[in-house]
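Here the structure comes first, spelled out in structure tokens, and everything after it is commentary.
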Amino acid sequence: MHIITALAISIGALAAVATWLCLGTGLGLQVWALFVGWGSFYHTGGKPEGLGKSVINHGWGVLVAAVTLIVVGTVGGSVIVTSAIVGASVVVLVLAAHLPQLSTIPAAVYGYASTAAFCLLGGVAIAEPMATAKAAAMIFASLVVGNLFGLVSERLGGALARPAA
């Protein structure tokens, strides 16, 4: 079987499982964030190495976003003040790429953006550190599960693509 066909089958079947996991279990996982993590797994090269890079950098992005949201929620202020805080946080996010473990900037941005989106669009009280931390943890868990689905889909697709003996 062609690898694209095999991946389509494995990803499609696992997408149904992932959607059920997010919508049918009460775990609180966010299906969209799971898919962002899944895509990031492939974007970072797949295999266990890509999994590690993606997850570590998601964690960094989630952390920077959570701290930024708490600062914005606490300080308040104008759009200019909020914009300056966000700008400074993104400088920190990217400067961390000097460390080899945090050098996969796109995966960090996925974590940052997913956390900010969930908190801001979901009405999380960002001035309350525990509320923001809980939301950030849920997004990080969703991203990690998505990366794991990526690894499983890659392996399953590879197994389906192998010619029968």
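Chain identifiers are assigned as A, B, and so on, following the order in which chains appear in the structure tokens; residues are numbered from 1 within each chain, and ligands are numbered from 1 in order of appearance.
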Please, which residues in range 8-107 of chain A fall within 12 Å of range 131-141 of chain A when counting only C-alpha atoms, and what is the closest atom pair and distance in Å to one decimal for each, ordered by chain then residue number, as JSON lines?
```
{"residue": "A:Cys22", "atom": "CA", "partner": "A:Ala141", "partner_atom": "CA", "distance": 11.2}
{"residue": "A:Leu27", "atom": "CA", "partner": "A:Met138", "partner_atom": "CA", "distance": 9.1}
{"residue": "A:Gly28", "atom": "CA", "partner": "A:Met138", "partner_atom": "CA", "distance": 7.0}
{"residue": "A:Leu29", "atom": "CA", "partner": "A:Met138", "partner_atom": "CA", "distance": 6.3}
{"residue": "A:Gln30", "atom": "CA", "partner": "A:Ile139", "partner_atom": "CA", "distance": 6.9}
{"residue": "A:Val31", "atom": "CA", "partner": "A:Ile139", "partner_atom": "CA", "distance": 9.8}
{"residue": "A:Trp32", "atom": "CA", "partner": "A:Ile139", "partner_atom": "CA", "distance": 9.7}
{"residue": "A:Ala33", "atom": "CA", "partner": "A:Ile139", "partner_atom": "CA", "distance": 6.5}
{"residue": "A:Leu34", "atom": "CA", "partner": "A:Ile139", "partner_atom": "CA", "distance": 8.3}
{"residue": "A:Phe35", "atom": "CA", "partner": "A:Ile139", "partner_atom": "CA", "distance": 11.3}
{"residue": "A:Val36", "atom": "CA", "partner": "A:Ile139", "partner_atom": "CA", "distance": 10.3}
{"residue": "A:Gly37", "atom": "CA", "partner": "A:Phe140", "partner_atom": "CA", "distance": 9.0}
{"residue": "A:Ser54", "atom": "CA", "partner": "A:Phe140", "partner_atom": "CA", "distance": 11.2}
{"residue": "A:Val55", "atom": "CA", "partner": "A:Phe140", "partner_atom": "CA", "distance": 8.5}
{"residue": "A:Ile56", "atom": "CA", "partner": "A:Phe140", "partner_atom": "CA", "distance": 10.1}
{"residue": "A:Asn57", "atom": "CA", "partner": "A:Phe140", "partner_atom": "CA", "distance": 10.4}
{"residue": "A:His58", "atom": "CA", "partner": "A:Phe140", "partner_atom": "CA", "distance": 7.0}
{"residue": "A:Gly59", "atom": "CA", "partner": "A:Phe140", "partner_atom": "CA", "distance": 6.4}
{"residue": "A:Trp60", "atom": "CA", "partner": "A:Phe140", "partner_atom": "CA", "distance": 9.7}
{"residue": "A:Gly61", "atom": "CA", "partner": "A:Phe140", "partner_atom": "CA", "distance": 9.3}
{"residue": "A:Val62", "atom": "CA", "partner": "A:Ala136", "partner_atom": "CA", "distance": 6.2}
{"residue": "A:Leu63", "atom": "CA", "partner": "A:Ala136", "partner_atom": "CA", "distance": 7.6}
{"residue": "A:Val64", "atom": "CA", "partner": "A:Ala136", "partner_atom": "CA", "distance": 10.1}
{"residue": "A:Ala65", "atom": "CA", "partner": "A:Ala136", "partner_atom": "CA", "distance": 8.3}
{"residue": "A:Ala66", "atom": "CA", "partner": "A:Thr132", "partner_atom": "CA", "distance": 6.2}
{"residue": "A:Val67", "atom": "CA", "partner": "A:Thr132", "partner_atom": "CA", "distance": 8.6}
{"residue": "A:Thr68", "atom": "CA", "partner": "A:Thr132", "partner_atom": "CA", "distance": 10.1}
{"residue": "A:Leu69", "atom": "CA", "partner": "A:Thr132", "partner_atom": "CA", "distance": 7.5}
{"residue": "A:Ile70", "atom": "CA", "partner": "A:Thr132", "partner_atom": "CA", "distance": 7.0}
{"residue": "A:Val71", "atom": "CA", "partner": "A:Thr132", "partner_atom": "CA", "distance": 10.8}
{"residue": "A:Val72", "atom": "CA", "partner": "A:Thr132", "partner_atom": "CA", "distance": 11.5}
{"residue": "A:Gly73", "atom": "CA", "partner": "A:Thr132", "partner_atom": "CA", "distance": 9.8}
{"residue": "A:Thr74", "atom": "CA", "partner": "A:Thr132", "partner_atom": "CA", "distance": 11.7}
{"residue": "A:Ala107", "atom": "CA", "partner": "A:Phe140", "partner_atom": "CA", "distance": 11.8}
```
Residues near Leu93 in chain A, cut-off 9 Å, only C-alpha atoms, skip fewer than 3 positions along chain, as an MDAnalysis selection string: chainID A and resid 60:61 64:65 88:90 96:97 102 105 108:109 112
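CA of Arg155 in chain A to CA of Leu143 in chain A spans 18.7 Å [interatomic distance, one decimal].
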Shell around range 159-161 of chain A at 9 Å using only C-alpha atoms, local window under 2 positions removed, as an NGL selection string: :A and (1-7 or 9-10 or 154-157 or 163-164)
Which residues in chain A does DSSP call helix (DSSP H, G or I)? List them as a compact mmCIF listing (two decimals) with C-alpha atoms, in the first residue's frame.
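Dumped to part_2.txt:
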```txt
# COMPACT_ATOMS: atom_id res chain seq x y z
CA ILE A 3 2.47 5.37 2.35
CA ILE A 4 0.05 8.26 1.77
CA THR A 5 -2.87 5.84 1.57
CA ALA A 6 -1.64 4.02 4.66
CA LEU A 7 -1.26 7.28 6.58
CA ALA A 8 -4.72 8.44 5.45
CA ILE A 9 -6.23 5.25 6.84
CA SER A 10 -4.28 5.32 10.11
CA ILE A 11 -4.80 9.05 10.70
CA GLY A 12 -8.48 8.87 9.79
CA ALA A 13 -9.18 5.95 12.10
CA LEU A 14 -7.22 7.51 14.94
CA ALA A 15 -8.90 10.89 14.36
CA ALA A 16 -12.22 9.23 15.17
CA VAL A 17 -10.72 7.81 18.38
CA ALA A 18 -9.18 11.19 19.27
CA THR A 19 -12.46 12.99 18.74
CA TRP A 20 -14.28 10.50 20.94
CA LEU A 21 -11.57 10.86 23.60
CA CYS A 22 -12.06 14.63 23.65
CA LEU A 23 -15.83 14.83 23.29
CA VAL A 31 -9.91 18.28 20.13
CA TRP A 32 -8.52 21.23 18.21
CA ALA A 33 -5.42 21.43 20.45
CA LEU A 34 -4.95 17.67 20.11
CA PHE A 35 -4.90 18.10 16.32
CA VAL A 36 -2.43 21.01 16.62
CA GLY A 37 -0.13 18.72 18.62
CA TRP A 38 -0.62 15.94 16.08
CA GLY A 39 0.34 18.23 13.22
CA SER A 40 3.31 19.53 15.18
CA PHE A 41 4.57 15.98 15.64
CA TYR A 42 4.81 15.58 11.87
CA HIS A 43 6.08 19.15 11.41
CA LYS A 47 9.59 9.61 15.04
CA PRO A 48 10.52 9.69 18.74
CA GLU A 49 12.92 12.59 18.12
CA GLY A 50 10.15 14.76 16.69
CA LEU A 51 7.88 13.76 19.56
CA GLY A 52 10.45 14.96 22.09
CA LYS A 53 11.13 18.24 20.29
CA SER A 54 7.46 18.97 19.83
CA VAL A 55 6.38 18.20 23.40
CA ILE A 56 9.24 20.09 25.08
CA ASN A 57 8.65 23.15 22.95
CA HIS A 58 4.88 22.98 23.43
CA GLY A 59 5.52 23.03 27.16
CA TRP A 60 7.73 26.09 26.84
CA GLY A 61 5.14 27.91 24.75
CA VAL A 62 2.32 27.01 27.15
CA LEU A 63 4.37 28.24 30.13
CA VAL A 64 5.30 31.56 28.51
CA ALA A 65 1.70 32.15 27.42
CA ALA A 66 0.30 31.32 30.87
CA VAL A 67 2.70 33.70 32.61
CA THR A 68 1.95 36.37 30.01
CA LEU A 69 -1.79 35.99 30.46
CA ILE A 70 -1.50 36.23 34.24
CA VAL A 71 0.62 39.39 33.93
CA VAL A 72 -1.81 40.93 31.44
CA GLY A 73 -4.77 39.99 33.65
CA THR A 74 -3.12 41.38 36.76
CA VAL A 75 -1.62 44.56 35.32
CA VAL A 79 -4.05 47.95 24.47
CA ILE A 80 -0.58 49.52 24.29
CA VAL A 81 0.41 48.04 27.66
CA THR A 82 -1.03 44.64 26.75
CA SER A 83 0.73 44.74 23.37
CA ALA A 84 4.06 45.57 25.03
CA ILE A 85 3.68 42.68 27.50
CA VAL A 86 2.83 40.24 24.71
CA GLY A 87 5.71 41.54 22.57
CA ALA A 88 8.17 41.11 25.43
CA SER A 89 6.90 37.59 26.12
CA VAL A 90 7.41 36.58 22.49
CA VAL A 91 10.98 37.93 22.64
CA VAL A 92 11.56 35.59 25.61
CA LEU A 93 9.83 32.73 23.79
CA VAL A 94 12.11 33.05 20.77
CA LEU A 95 15.35 33.90 22.61
CA ALA A 96 15.05 30.57 24.42
CA ALA A 97 15.85 28.95 21.06
CA HIS A 98 19.50 29.57 21.93
CA PRO A 100 19.06 23.38 21.85
CA GLN A 101 16.10 21.85 23.70
CA LEU A 102 13.97 24.94 23.00
CA ILE A 105 10.31 27.72 17.61
CA PRO A 106 7.17 26.73 15.63
CA ALA A 107 6.20 24.10 18.23
CA ALA A 108 6.68 26.69 20.99
CA VAL A 109 4.47 29.11 19.07
CA TYR A 110 1.79 26.40 18.73
CA GLY A 111 1.80 25.95 22.50
CA TYR A 112 1.72 29.70 23.13
CA ALA A 113 -1.05 30.39 20.62
CA SER A 114 -3.17 27.43 21.73
CA THR A 115 -2.97 28.52 25.36
CA ALA A 116 -3.79 32.14 24.60
CA ALA A 117 -6.69 31.15 22.36
CA PHE A 118 -8.21 28.76 24.89
CA CYS A 119 -7.91 31.21 27.76
CA LEU A 120 -9.08 34.31 25.93
CA LEU A 121 -11.83 32.75 23.83
CA PRO A 129 -3.30 32.33 38.41
CA MET A 130 -4.93 29.01 39.33
CA ALA A 131 -7.59 29.36 36.63
CA THR A 132 -4.97 30.19 34.02
CA ALA A 133 -2.69 27.36 35.20
CA LYS A 134 -5.54 24.86 35.03
CA ALA A 135 -6.46 25.97 31.49
CA ALA A 136 -2.80 25.88 30.43
CA ALA A 137 -2.40 22.37 31.85
CA MET A 138 -5.42 21.18 29.87
CA ILE A 139 -4.02 22.64 26.67
CA PHE A 140 -0.61 21.09 27.33
CA ALA A 141 -2.23 17.71 27.98
CA SER A 142 -4.20 18.01 24.74
CA LEU A 143 -1.06 18.89 22.78
CA VAL A 144 0.88 15.98 24.30
CA VAL A 145 -1.91 13.51 23.55
CA GLY A 146 -1.98 14.85 20.00
CA ASN A 147 1.74 14.23 19.65
CA LEU A 148 1.24 10.68 20.91
CA PHE A 149 -1.51 10.16 18.35
CA GLY A 150 0.97 11.38 15.76
CA LEU A 151 3.52 8.77 16.80
CA VAL A 152 0.92 5.99 16.76
CA SER A 153 -0.44 7.08 13.37
CA GLU A 154 3.07 7.19 11.93
CA ARG A 155 3.85 3.68 13.15
CA LEU A 156 0.49 2.27 12.10
CA GLY A 157 0.78 3.92 8.69
CA GLY A 158 4.27 2.49 8.29
CA ALA A 159 3.01 -0.98 9.18
CA LEU A 160 0.14 -0.74 6.69
CA ALA A 161 2.47 0.47 3.94
```
